[in-house]
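Novice: Data file work-v7.cif (mmCIF, C-alpha atoms) is appended below.
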data_model
loop_
_atom_site.label_atom_id
_atom_site.label_comp_id
_atom_site.auth_asym_id
_atom_site.auth_seq_id
_atom_site.Cartn_x
_atom_site.Cartn_y
_atom_site.Cartn_z
CA MET A 14 187.90 20.10 195.78
CA LYS A 15 188.34 20.22 192.04
CA ARG A 16 189.13 23.55 190.54
CA LYS A 17 187.50 24.66 187.32
CA SER A 18 189.93 25.15 184.53
CA SER A 19 190.52 28.73 183.58
CA ALA A 20 191.36 27.74 180.00
CA ARG A 21 188.93 29.04 177.48
CA MET A 22 187.32 26.84 174.87
CA PRO A 23 188.59 27.65 171.39
CA ALA A 24 186.27 29.84 169.41
CA PRO A 25 184.38 27.99 166.67
CA ALA A 26 186.00 28.29 163.28
CA MET A 27 184.40 30.86 161.04
CA VAL A 28 183.16 29.31 157.81
CA GLU A 29 183.50 31.67 154.89
CA ARG A 30 180.28 32.00 152.95
CA ASN A 31 180.20 33.17 149.38
CA PRO A 32 176.51 33.51 148.58
CA ILE A 33 175.46 33.65 144.95
CA ARG A 34 172.34 34.40 142.99
CA LEU A 35 171.14 32.61 139.88
CA ALA A 36 169.87 34.33 136.75
CA TRP A 37 168.15 31.71 134.63
CA THR A 38 165.70 31.06 131.85
CA ARG A 39 164.15 27.92 130.41
CA ILE A 40 162.58 26.58 127.26
CA SER A 41 160.63 23.44 126.37
CA GLU A 42 159.42 23.21 122.79
CA ILE A 43 157.61 20.55 120.79
CA GLY A 44 159.91 20.89 117.78
CA MET A 45 158.42 19.07 114.78
CA ARG A 46 156.95 16.18 116.76
CA ALA A 47 153.28 15.43 117.36
CA SER A 48 153.68 15.97 121.11
CA ASN A 49 156.25 17.21 123.59
CA GLN A 50 157.73 14.24 125.45
CA ASP A 51 160.09 16.50 127.40
CA ALA A 52 159.12 17.81 130.82
CA VAL A 53 160.80 20.50 132.89
CA GLY A 54 160.36 21.74 136.43
CA GLU A 55 162.09 23.81 139.05
CA ALA A 56 161.57 24.71 142.70
CA GLN A 57 163.28 26.67 145.42
CA HIS A 58 163.26 26.29 149.19
CA GLY A 59 165.24 28.89 151.07
CA ASP A 60 168.68 29.01 149.48
CA ILE A 61 168.36 25.66 147.68
CA SER A 62 167.28 25.54 144.05
CA CYS A 63 166.32 22.43 142.11
CA PHE A 64 166.16 22.18 138.28
CA ILE A 65 164.97 19.04 136.44
CA ILE A 66 164.59 17.99 132.80
CA ALA A 67 163.21 14.62 131.71
CA ASP A 68 162.97 13.28 128.15
CA GLY A 69 160.38 10.53 127.71
CA ALA A 70 160.31 7.48 125.48
CA GLY A 71 157.94 4.56 124.94
CA GLY A 72 155.18 5.48 122.55
CA HIS A 73 153.23 8.62 121.73
CA GLU A 74 151.62 8.95 125.15
CA GLY A 75 153.93 6.80 127.27
CA GLY A 76 156.99 9.00 126.88
CA GLU A 77 155.09 12.13 127.75
CA VAL A 78 153.57 10.45 130.81
CA ALA A 79 156.95 9.13 131.98
CA ALA A 80 158.66 12.51 131.67
CA HIS A 81 155.97 14.29 133.67
CA ILE A 82 155.92 11.58 136.34
CA VAL A 83 159.69 11.91 136.78
CA VAL A 84 159.64 15.69 137.15
CA ASP A 85 156.55 15.74 139.38
CA ALA A 86 157.84 12.95 141.64
CA MET A 87 161.24 14.59 142.10
CA LEU A 88 159.76 18.00 142.88
CA GLU A 89 157.26 16.39 145.25
CA LYS A 90 160.09 14.75 147.20
CA PHE A 91 162.12 17.96 147.15
CA ALA A 92 159.18 19.89 148.58
CA ALA A 93 158.71 17.30 151.33
CA ALA A 94 162.41 17.09 152.26
CA PRO A 95 164.36 20.02 150.78
CA ALA A 96 168.09 19.54 151.28
CA PHE A 97 171.40 19.86 149.49
CA GLY A 98 173.62 16.81 149.13
CA ALA A 99 174.10 13.49 147.39
CA HIS A 100 171.73 11.65 149.73
CA ALA A 101 168.94 14.13 149.07
CA LEU A 102 169.44 14.14 145.30
CA LEU A 103 169.45 10.34 145.14
CA SER A 104 166.27 10.23 147.24
CA TYR A 105 164.54 12.53 144.73
CA THR A 106 165.50 10.29 141.80
CA ALA A 107 164.51 7.18 143.80
CA ASN A 108 161.04 8.65 144.22
CA ALA A 109 160.83 9.16 140.45
CA ILE A 110 161.91 5.57 139.78
CA ALA A 111 159.32 4.24 142.22
CA SER A 112 156.59 6.45 140.77
CA VAL A 113 157.23 5.33 137.20
CA ALA A 114 157.25 1.68 138.30
CA LYS A 115 153.95 2.14 140.12
CA ASN A 116 152.32 3.72 137.07
CA LYS A 117 153.45 0.81 134.91
CA GLN A 118 151.78 -1.63 137.28
CA THR A 119 148.46 0.20 137.26
CA GLN A 120 148.48 1.36 133.63
CA PRO A 121 149.47 -1.57 131.36
CA GLN A 122 149.44 0.66 128.28
CA ASN A 123 152.49 2.43 129.72
CA HIS A 124 154.51 -0.77 130.15
CA ASP A 125 157.27 0.35 127.76
CA MET A 126 157.60 3.94 128.94
CA SER A 127 160.82 5.42 130.32
CA ALA A 128 162.52 8.77 130.61
CA THR A 129 166.03 10.14 130.79
CA VAL A 130 166.61 12.75 133.48
CA ALA A 131 169.11 15.38 134.55
CA ALA A 132 168.70 17.10 137.90
CA LEU A 133 170.68 20.01 139.30
CA LEU A 134 170.77 21.20 142.91
CA VAL A 135 172.30 24.56 143.82
CA ASP A 136 173.04 25.76 147.35
CA GLN A 137 173.07 29.51 146.79
CA ALA A 138 174.13 30.36 150.35
CA ASN A 139 177.36 28.38 150.03
CA ALA A 140 177.82 28.57 146.24
CA HIS A 141 177.76 24.81 145.66
CA ALA A 142 176.22 22.73 142.89
CA LEU A 143 175.53 19.02 142.58
CA TRP A 144 173.90 17.12 139.74
CA ALA A 145 172.82 13.64 138.69
CA HIS A 146 171.56 12.05 135.48
CA LEU A 147 170.36 8.94 133.69
CA GLY A 148 170.50 8.64 129.91
CA ASP A 149 171.54 11.39 127.53
CA THR A 150 169.96 14.47 129.10
CA ARG A 151 172.98 16.53 130.10
CA VAL A 152 174.41 19.03 132.58
CA TYR A 153 177.21 21.36 131.43
CA LEU A 154 179.38 23.66 133.57
CA PHE A 155 181.23 26.61 132.03
CA ARG A 156 183.90 28.71 133.77
CA ASP A 157 185.65 31.75 132.33
CA GLY A 158 183.63 31.12 129.19
CA ARG A 159 185.05 27.63 128.70
CA LEU A 160 183.45 24.22 129.14
CA VAL A 161 184.95 22.52 132.21
CA SER A 162 182.50 19.67 132.84
CA VAL A 163 179.75 17.73 131.08
CA THR A 164 177.90 14.56 132.05
CA ARG A 165 178.69 11.37 130.13
CA ASP A 166 175.77 9.86 128.24
CA HIS A 167 174.50 6.42 129.13
CA SER A 168 174.37 5.53 125.44
CA LEU A 169 175.59 2.78 123.14
CA THR A 170 177.51 5.33 121.09
CA GLN A 171 179.41 6.55 124.15
CA GLN A 172 180.27 2.94 124.98
CA LEU A 173 181.53 2.38 121.44
CA ILE A 174 183.66 5.52 121.68
CA ASP A 175 185.06 4.43 125.05
CA ALA A 176 185.93 1.00 123.61
CA GLY A 177 187.62 2.49 120.54
CA TYR A 178 185.01 1.30 118.04
CA ALA A 179 183.80 4.80 117.17
CA ARG A 180 185.33 8.26 117.07
CA ALA A 181 184.40 11.01 119.51
CA GLU A 182 183.11 13.19 116.68
CA GLN A 183 180.54 10.48 115.82
CA LEU A 184 178.66 11.03 119.09
CA ARG A 185 176.04 13.21 117.34
CA THR A 186 175.92 11.37 114.01
CA HIS A 187 176.32 7.64 114.73
CA PRO A 188 173.31 5.63 113.48
CA GLN A 189 172.94 4.04 116.94
CA ARG A 190 173.23 7.29 118.89
CA ASN A 191 169.67 7.03 120.23
CA ILE A 192 170.15 3.62 121.86
CA LEU A 193 170.39 4.15 125.62
CA PHE A 194 171.23 1.69 128.38
CA ALA A 195 169.95 3.78 131.29
CA ALA A 196 166.74 5.65 131.96
CA VAL A 197 164.08 5.87 134.63
CA GLY A 198 161.80 2.93 133.92
CA ALA A 199 164.25 1.02 131.72
CA GLU A 200 164.86 -2.64 132.48
CA GLY A 201 168.28 -3.43 133.91
CA GLU A 202 168.51 0.09 135.26
CA THR A 203 171.97 1.58 135.67
CA PRO A 204 172.55 3.37 138.99
CA VAL A 205 171.97 7.10 138.87
CA ALA A 206 175.22 8.86 137.96
CA LEU A 207 176.21 11.58 140.40
CA GLY A 208 178.48 14.31 139.14
CA ASP A 209 181.73 15.10 140.89
CA GLY A 210 180.76 17.35 143.69
CA PRO A 211 179.64 19.33 145.37
CA VAL A 212 181.24 21.76 142.94
CA GLN A 213 182.16 25.24 144.16
CA LEU A 214 180.52 27.84 141.92
CA LEU A 215 182.23 31.11 141.11
CA ASP A 216 180.99 34.47 139.93
CA GLY A 217 180.55 34.28 136.14
CA ASP A 218 180.06 30.52 135.95
CA ALA A 219 177.28 29.19 133.73
CA LEU A 220 175.28 25.98 133.80
CA LEU A 221 173.27 24.38 131.01
CA VAL A 222 170.81 21.54 131.61
CA CYS A 223 169.33 20.25 128.35
CA SER A 224 167.79 17.34 126.49
CA ASP A 225 169.38 15.83 123.39
CA GLY A 226 167.02 17.83 121.19
CA LEU A 227 169.28 20.82 121.86
CA TRP A 228 172.80 19.48 122.33
CA GLU A 229 172.67 17.24 119.26
CA TRP A 230 172.52 20.39 117.13
CA VAL A 231 174.71 22.77 119.11
CA HIS A 232 178.36 21.84 119.55
CA GLU A 233 180.36 22.67 122.64
CA ASP A 234 182.46 25.32 120.92
CA GLU A 235 179.23 27.02 119.82
CA MET A 236 177.93 26.92 123.39
CA GLU A 237 181.10 28.68 124.51
CA ARG A 238 180.96 31.27 121.74
CA THR A 239 177.31 32.17 122.30
CA LEU A 240 177.93 32.36 126.05
CA ALA A 241 180.76 34.85 125.49
CA GLU A 242 178.62 36.92 123.14
CA SER A 243 175.54 36.99 125.38
CA GLY A 244 174.82 39.47 128.14
CA ASN A 245 172.33 37.30 130.01
CA SER A 246 170.75 33.86 130.18
CA GLU A 247 167.91 34.71 127.80
CA GLN A 248 170.29 35.86 125.07
CA TRP A 249 172.49 32.80 125.52
CA LEU A 250 169.63 30.32 125.25
CA SER A 251 168.06 32.15 122.31
CA ALA A 252 171.38 32.10 120.46
CA MET A 253 171.78 28.35 120.99
CA CYS A 254 168.23 27.67 119.83
CA ALA A 255 168.86 29.75 116.71
CA LEU A 256 171.96 27.67 115.94
CA ALA A 257 169.96 24.47 116.34
CA GLU A 258 167.32 25.75 113.92
CA ALA A 259 169.99 26.79 111.42
CA ALA A 260 171.66 23.36 111.62
CA LEU A 261 168.38 21.74 110.59
CA GLU A 262 167.80 23.92 107.55
CA GLY A 263 168.03 21.83 104.40
CA SER A 264 168.11 18.63 106.45
CA ASP A 265 165.59 15.81 106.08
CA LYS A 266 165.69 15.19 109.84
CA VAL A 267 162.70 15.98 112.01
CA ARG A 268 163.33 18.45 114.81
CA ASP A 269 162.91 16.65 118.12
CA ASN A 270 161.46 18.13 121.29
CA PHE A 271 164.08 20.32 122.96
CA SER A 272 164.28 21.63 126.50
CA ALA A 273 166.89 23.53 128.44
CA TYR A 274 167.74 25.62 131.47
CA ALA A 275 170.41 28.28 130.89
CA ILE A 276 171.74 29.51 134.23
CA ARG A 277 174.25 32.29 135.00
CA VAL A 278 175.94 32.56 138.40
CA GLU A 279 176.41 35.97 140.00
CA SER A 280 177.98 36.89 143.34
CA GLU A 281 175.47 38.08 145.92
CA ILE A 282 176.42 41.34 147.58
CA VAL A 283 176.32 40.90 151.36
#
Rewrite the coordinates I just gave you, this time as structure tokens.

Specialist:
Amino acid sequence: MKRKSSARMPAPAMVERNPIRLAWTRISEIGMRASNQDAVGEAQHGDISCFIIADGAGGHEGGEVAAHIVVDAMLEKFAAAPAFGAHALLSYTANAIASVAKNKQTQPQNHDMSATVAALLVDQANAHALWAHLGDTRVYLFRDGRLVSVTRDHSLTQQLIDAGYARAEQLRTHPQRNILFAAVGAEGETPVALGDGPVQLLDGDALLVCSDGLWEWVHEDEMERTLAESGNSEQWLSAMCALAEAALEGSDKVRDNFSAYAIRVESEIV
């Protein structure tokens, strides 16, 4: 007769959890345009938070329609299947791509519409973040008050800089800076770019998700300085918006729509 082993099964490894909370604020303004072609949206399910900004293009109404379709479609998919991870995030963007394509088929007047997008997922229970983007809507990560990561634009200017035909400081001023080669709804679509991650978030980290209407006028060193000088997310975002307004004073340029989420990371006391 077989004897049962007296050896005990090893105890399951304890996974250290470092829960966080997010303190955030948002803005989406029309600027000096006739309409706001930016769209923003956020949702939370349990410990998972989702933040999205889309910047539309393709005519007065088309861009606005595209941006709202992208945000609504991604939040709809998130609500139906809330999860944290690359597969989930790509499924949310895939739903946006399919939704924009469907609208183009049924609404011929929107044939030329498209939208850039940046989406951020945060797992607050495990202090992880993951993001994805198409176009020149960006996600920034700051740690210890310094910029440590920023998405790379899918733009002609960035390609020229990478190839050595333009200087890095021309990114905001190059005459072809608004030519993009990736967006939801654009022909020859580039695959959605996933950020390196998941990224472990630490107490004091800050995240900025924003359209080009903000970052074109606020340089990275100014983002860092205003972050250091601000006591909360509202103060930080207000300071950056004030810098953008000041940069436009005396300029003949029209202020574009601008949208942003300013997010501060704080340790959750358990």

Novice: Of the candidates A:Leu143, A:Ala195, A:Leu173, A:Leu160, which shows the shortest atom-to-atom distance to A:Ala99, using only C-alpha atoms?

Specialist: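 Under the stated criterion, the closest residue is A:Leu143.
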
Novice: Could you tell me, as a list of chain:residue names, exactly which residues end up selected when the PyMOL selection byres ((chain A and resi 57-60) around 10) is applied to this structure?

Specialist: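 Applied to this file, the PyMOL selection byres ((chain A and resi 57-60) around 10) returns A:Pro32, A:Ile33, A:Arg34, A:Glu55, A:Ala56, A:Ile61, A:Ser62, A:Cys63, A:Phe64, A:Leu88, A:Phe91, A:Ala92, A:Ala94, A:Pro95, A:Ala96, A:Phe97, A:Leu134, A:Val135, A:Asp136, A:Gln137, A:Ala138, A:Asn139, A:Ala140.
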
Novice: Which residues of stretch 25-118 of chain A have any atom within 6 Å of an atom in stretch 122-127 of chain A when counting only C-alpha atoms, and what is the closest pair of atoms for each, with the distance in Å to one decimal? Order the rows by chain and rising number and write it as CSV.

Specialist:
residue,atom,partner,partner_atom,distance
A:Gly69,CA,A:Ser127,CA,5.8
A:Ala70,CA,A:Ser127,CA,5.3
A:Gly71,CA,A:Met126,CA,4.1
A:Gly75,CA,A:Met126,CA,4.9
A:Gly76,CA,A:Met126,CA,5.5
A:Ala79,CA,A:Ser127,CA,5.6
A:Lys117,CA,A:His124,CA,5.1

Novice: So, with only C-alpha atoms as the atoms that count, which of A:Asp149, A:Glu42, A:Glu279, A:Asp85 lies closest to A:His167?

Specialist: A:Asp149

Novice: Name the residues in contact with A:Ala273 at a cut-off of 10 Å, using all atoms listed in the file, excluding same-chain residues fewer than 3 positions from it; report them as an MDAnalysis selection string.

Specialist: chainID A and resid 38:42 51:53 64:66 150:152 221:228 250 254 276

Novice: Taking 5 positions as the minimum chain separation for residues in the same chain, which residues sit within 7 Å of stretch 101-112 of chain A when counting only C-alpha atoms? Answer as a PDB file with C-alpha atoms, in the frame of the given file.

Specialist:
ATOM      1  CA  ILE A  82     155.920  11.580 136.340  1.00  0.00           C
ATOM      2  CA  VAL A  83     159.690  11.910 136.780  1.00  0.00           C
ATOM      3  CA  ALA A  86     157.840  12.950 141.640  1.00  0.00           C
ATOM      4  CA  MET A  87     161.240  14.590 142.100  1.00  0.00           C
ATOM      5  CA  LYS A  90     160.090  14.750 147.200  1.00  0.00           C
ATOM      6  CA  PHE A  91     162.120  17.960 147.150  1.00  0.00           C
ATOM      7  CA  ALA A  96     168.090  19.540 151.280  1.00  0.00           C
ATOM      8  CA  VAL A 197     164.080   5.870 134.630  1.00  0.00           C
ATOM      9  CA  GLY A 198     161.800   2.930 133.920  1.00  0.00           C
TER      10      GLY A 198
END

Novice: Could you work out an axis-aligned box for stretch 57-70 of chain A, taking every atom the file lists and adding 8 Å on each side, and report centre and edge lengths in Å to one decimal, as AutoDock Vina command-line options?

Specialist:
--center_x 164.5 --center_y 18.2 --center_z 138.3 --size_x 24.4 --size_y 37.5 --size_z 41.6

Novice: Interatomic distance between atom CA of A:Gly177 and atom CA of A:Thr129?

Specialist: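 One can read the atom CA of A:Gly177 to atom CA of A:Thr129 distance as 25.1 Å.
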
Novice: Counting only C-alpha atoms, which residue out of A:Val84, A:Ala131, A:Ala257, A:Ala176 sits closest to A:Glu229?

Specialist: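 For A:Glu229, the nearest of the candidates is A:Ala257.
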
Novice: Check what the PyMOL selection byres ((chain A and resi 192) around 8) selects in the file above and give those residues as an MDAnalysis selection string.

Specialist: chainID A and resid 168:170 189:191 193:194

Novice: Those selected residues, please, written with C-alpha atoms and delivered as a compact mmCIF listing (two decimals), in the coordinates of the input.

Specialist:
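Below you can see result_30.txt, which holds the result:
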# COMPACT_ATOMS: atom_id res chain seq x y z
CA SER A 168 174.37 5.53 125.44
CA LEU A 169 175.59 2.78 123.14
CA THR A 170 177.51 5.33 121.09
CA GLN A 189 172.94 4.04 116.94
CA ARG A 190 173.23 7.29 118.89
CA ASN A 191 169.67 7.03 120.23
CA LEU A 193 170.39 4.15 125.62
CA PHE A 194 171.23 1.69 128.38

Novice: Neighbouring residues of A:Gly208 were defined as those with any atom within 7 Å, considering only C-alpha atoms; residues of the same chain fewer than 2 positions away were excluded. Please report them as a list of chain:residue names.

Specialist: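 The residues that qualify are A:Leu143, A:Trp144, A:Ala145, A:Ala206, A:Gly210.
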
Novice: In Å to one decimal, how far is atom CA of A:Gly54 from atom CA of A:Ala259?

Specialist: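 Going from atom CA of A:Ala259 over to atom CA of A:Gly54 covers 27.3 Å.
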
Novice: Report as a PDB file with C-alpha atoms, keeping the file's coordinate frame all protein, DNA and RNA residues lying within 12 Å of A:Trp230, evaluated on all atoms listed in the file, omitting residues in the same chain fewer than 3 positions from it.

Specialist:
ATOM      1  CA  LEU A 184     178.660  11.030 119.090  1.00  0.00           C
ATOM      2  CA  ARG A 185     176.040  13.210 117.340  1.00  0.00           C
ATOM      3  CA  THR A 186     175.920  11.370 114.010  1.00  0.00           C
ATOM      4  CA  CYS A 223     169.330  20.250 128.350  1.00  0.00           C
ATOM      5  CA  SER A 224     167.790  17.340 126.490  1.00  0.00           C
ATOM      6  CA  ASP A 225     169.380  15.830 123.390  1.00  0.00           C
ATOM      7  CA  GLY A 226     167.020  17.830 121.190  1.00  0.00           C
ATOM      8  CA  LEU A 227     169.280  20.820 121.860  1.00  0.00           C
ATOM      9  CA  GLU A 233     180.360  22.670 122.640  1.00  0.00           C
ATOM     10  CA  ASP A 234     182.460  25.320 120.920  1.00  0.00           C
ATOM     11  CA  GLU A 235     179.230  27.020 119.820  1.00  0.00           C
ATOM     12  CA  MET A 236     177.930  26.920 123.390  1.00  0.00           C
ATOM     13  CA  MET A 253     171.780  28.350 120.990  1.00  0.00           C
ATOM     14  CA  CYS A 254     168.230  27.670 119.830  1.00  0.00           C
ATOM     15  CA  ALA A 255     168.860  29.750 116.710  1.00  0.00           C
ATOM     16  CA  LEU A 256     171.960  27.670 115.940  1.00  0.00           C
ATOM     17  CA  ALA A 257     169.960  24.470 116.340  1.00  0.00           C
ATOM     18  CA  GLU A 258     167.320  25.750 113.920  1.00  0.00           C
ATOM     19  CA  ALA A 259     169.990  26.790 111.420  1.00  0.00           C
ATOM     20  CA  ALA A 260     171.660  23.360 111.620  1.00  0.00           C
ATOM     21  CA  LEU A 261     168.380  21.740 110.590  1.00  0.00           C
ATOM     22  CA  GLU A 262     167.800  23.920 107.550  1.00  0.00           C
ATOM     23  CA  SER A 264     168.110  18.630 106.450  1.00  0.00           C
ATOM     24  CA  LYS A 266     165.690  15.190 109.840  1.00  0.00           C
ATOM     25  CA  VAL A 267     162.700  15.980 112.010  1.00  0.00           C
ATOM     26  CA  ARG A 268     163.330  18.450 114.810  1.00  0.00           C
ATOM     27  CA  ASP A 269     162.910  16.650 118.120  1.00  0.00           C
ATOM     28  CA  PHE A 271     164.080  20.320 122.960  1.00  0.00           C
TER      29      PHE A 271
END

Novice: Counting all atoms listed in the file, I want the residues whose atoms come within 6 Å of (171.1, 34.2, 136.3) in the file frame, returned as a list in words.

Specialist: Leu35, Ala36, Trp37, Ile276, Arg277 and Val278 of chain A

Novice: Report the distance between atom CA of A:Pro211 and atom CA of A:Ala196 in Å, rounded to one decimal place.

Specialist: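 Computing it gives 23.1 Å between the two atoms.
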
Novice: Can you write stretch 53-71 of chain A from the block above with N, CA and C atoms, as a short mmCIF file (atom, residue, chain, number, x, y, z; two decimals), in the first residue's frame?

Specialist:
data_model
loop_
_atom_site.label_atom_id
_atom_site.label_comp_id
_atom_site.auth_asym_id
_atom_site.auth_seq_id
_atom_site.Cartn_x
_atom_site.Cartn_y
_atom_site.Cartn_z
N VAL A 53 -11.97 63.95 -24.66
CA VAL A 53 -11.33 63.31 -23.52
C VAL A 53 -12.35 62.42 -22.81
N GLY A 54 -11.84 61.41 -22.12
CA GLY A 54 -12.73 60.55 -21.36
C GLY A 54 -11.95 59.66 -20.43
N GLU A 55 -12.55 59.36 -19.29
CA GLU A 55 -11.90 58.49 -18.32
C GLU A 55 -12.93 57.58 -17.69
N ALA A 56 -12.47 56.47 -17.14
CA ALA A 56 -13.36 55.52 -16.47
C ALA A 56 -12.53 54.72 -15.47
N GLN A 57 -13.23 54.18 -14.49
CA GLN A 57 -12.56 53.34 -13.50
C GLN A 57 -13.42 52.12 -13.21
N HIS A 58 -12.76 50.97 -13.12
CA HIS A 58 -13.44 49.73 -12.72
C HIS A 58 -12.57 49.08 -11.66
N GLY A 59 -13.07 49.03 -10.44
CA GLY A 59 -12.25 48.50 -9.36
C GLY A 59 -10.99 49.33 -9.19
N ASP A 60 -9.84 48.67 -9.29
CA ASP A 60 -8.56 49.36 -9.12
C ASP A 60 -7.94 49.80 -10.44
N ILE A 61 -8.64 49.62 -11.56
CA ILE A 61 -8.08 49.95 -12.86
C ILE A 61 -8.68 51.25 -13.37
N SER A 62 -7.83 52.18 -13.72
CA SER A 62 -8.26 53.47 -14.26
C SER A 62 -7.83 53.59 -15.72
N CYS A 63 -8.66 54.23 -16.52
CA CYS A 63 -8.39 54.41 -17.94
C CYS A 63 -8.58 55.87 -18.30
N PHE A 64 -7.58 56.48 -18.94
CA PHE A 64 -7.61 57.88 -19.36
C PHE A 64 -7.33 57.94 -20.86
N ILE A 65 -8.14 58.70 -21.61
CA ILE A 65 -7.99 58.75 -23.06
C ILE A 65 -8.12 60.19 -23.55
N ILE A 66 -7.25 60.57 -24.49
CA ILE A 66 -7.38 61.84 -25.22
C ILE A 66 -7.24 61.54 -26.70
N ALA A 67 -8.15 62.10 -27.50
CA ALA A 67 -8.10 61.98 -28.95
C ALA A 67 -8.15 63.37 -29.56
N ASP A 68 -7.41 63.57 -30.63
CA ASP A 68 -7.34 64.86 -31.33
C ASP A 68 -7.73 64.61 -32.78
N GLY A 69 -8.89 65.14 -33.19
CA GLY A 69 -9.44 64.83 -34.50
C GLY A 69 -8.92 65.69 -35.62
N ALA A 70 -9.02 65.16 -36.82
CA ALA A 70 -8.66 65.88 -38.05
C ALA A 70 -9.59 65.42 -39.16
N GLY A 71 -9.69 66.25 -40.21
CA GLY A 71 -10.50 65.86 -41.36
C GLY A 71 -11.74 66.70 -41.53
#
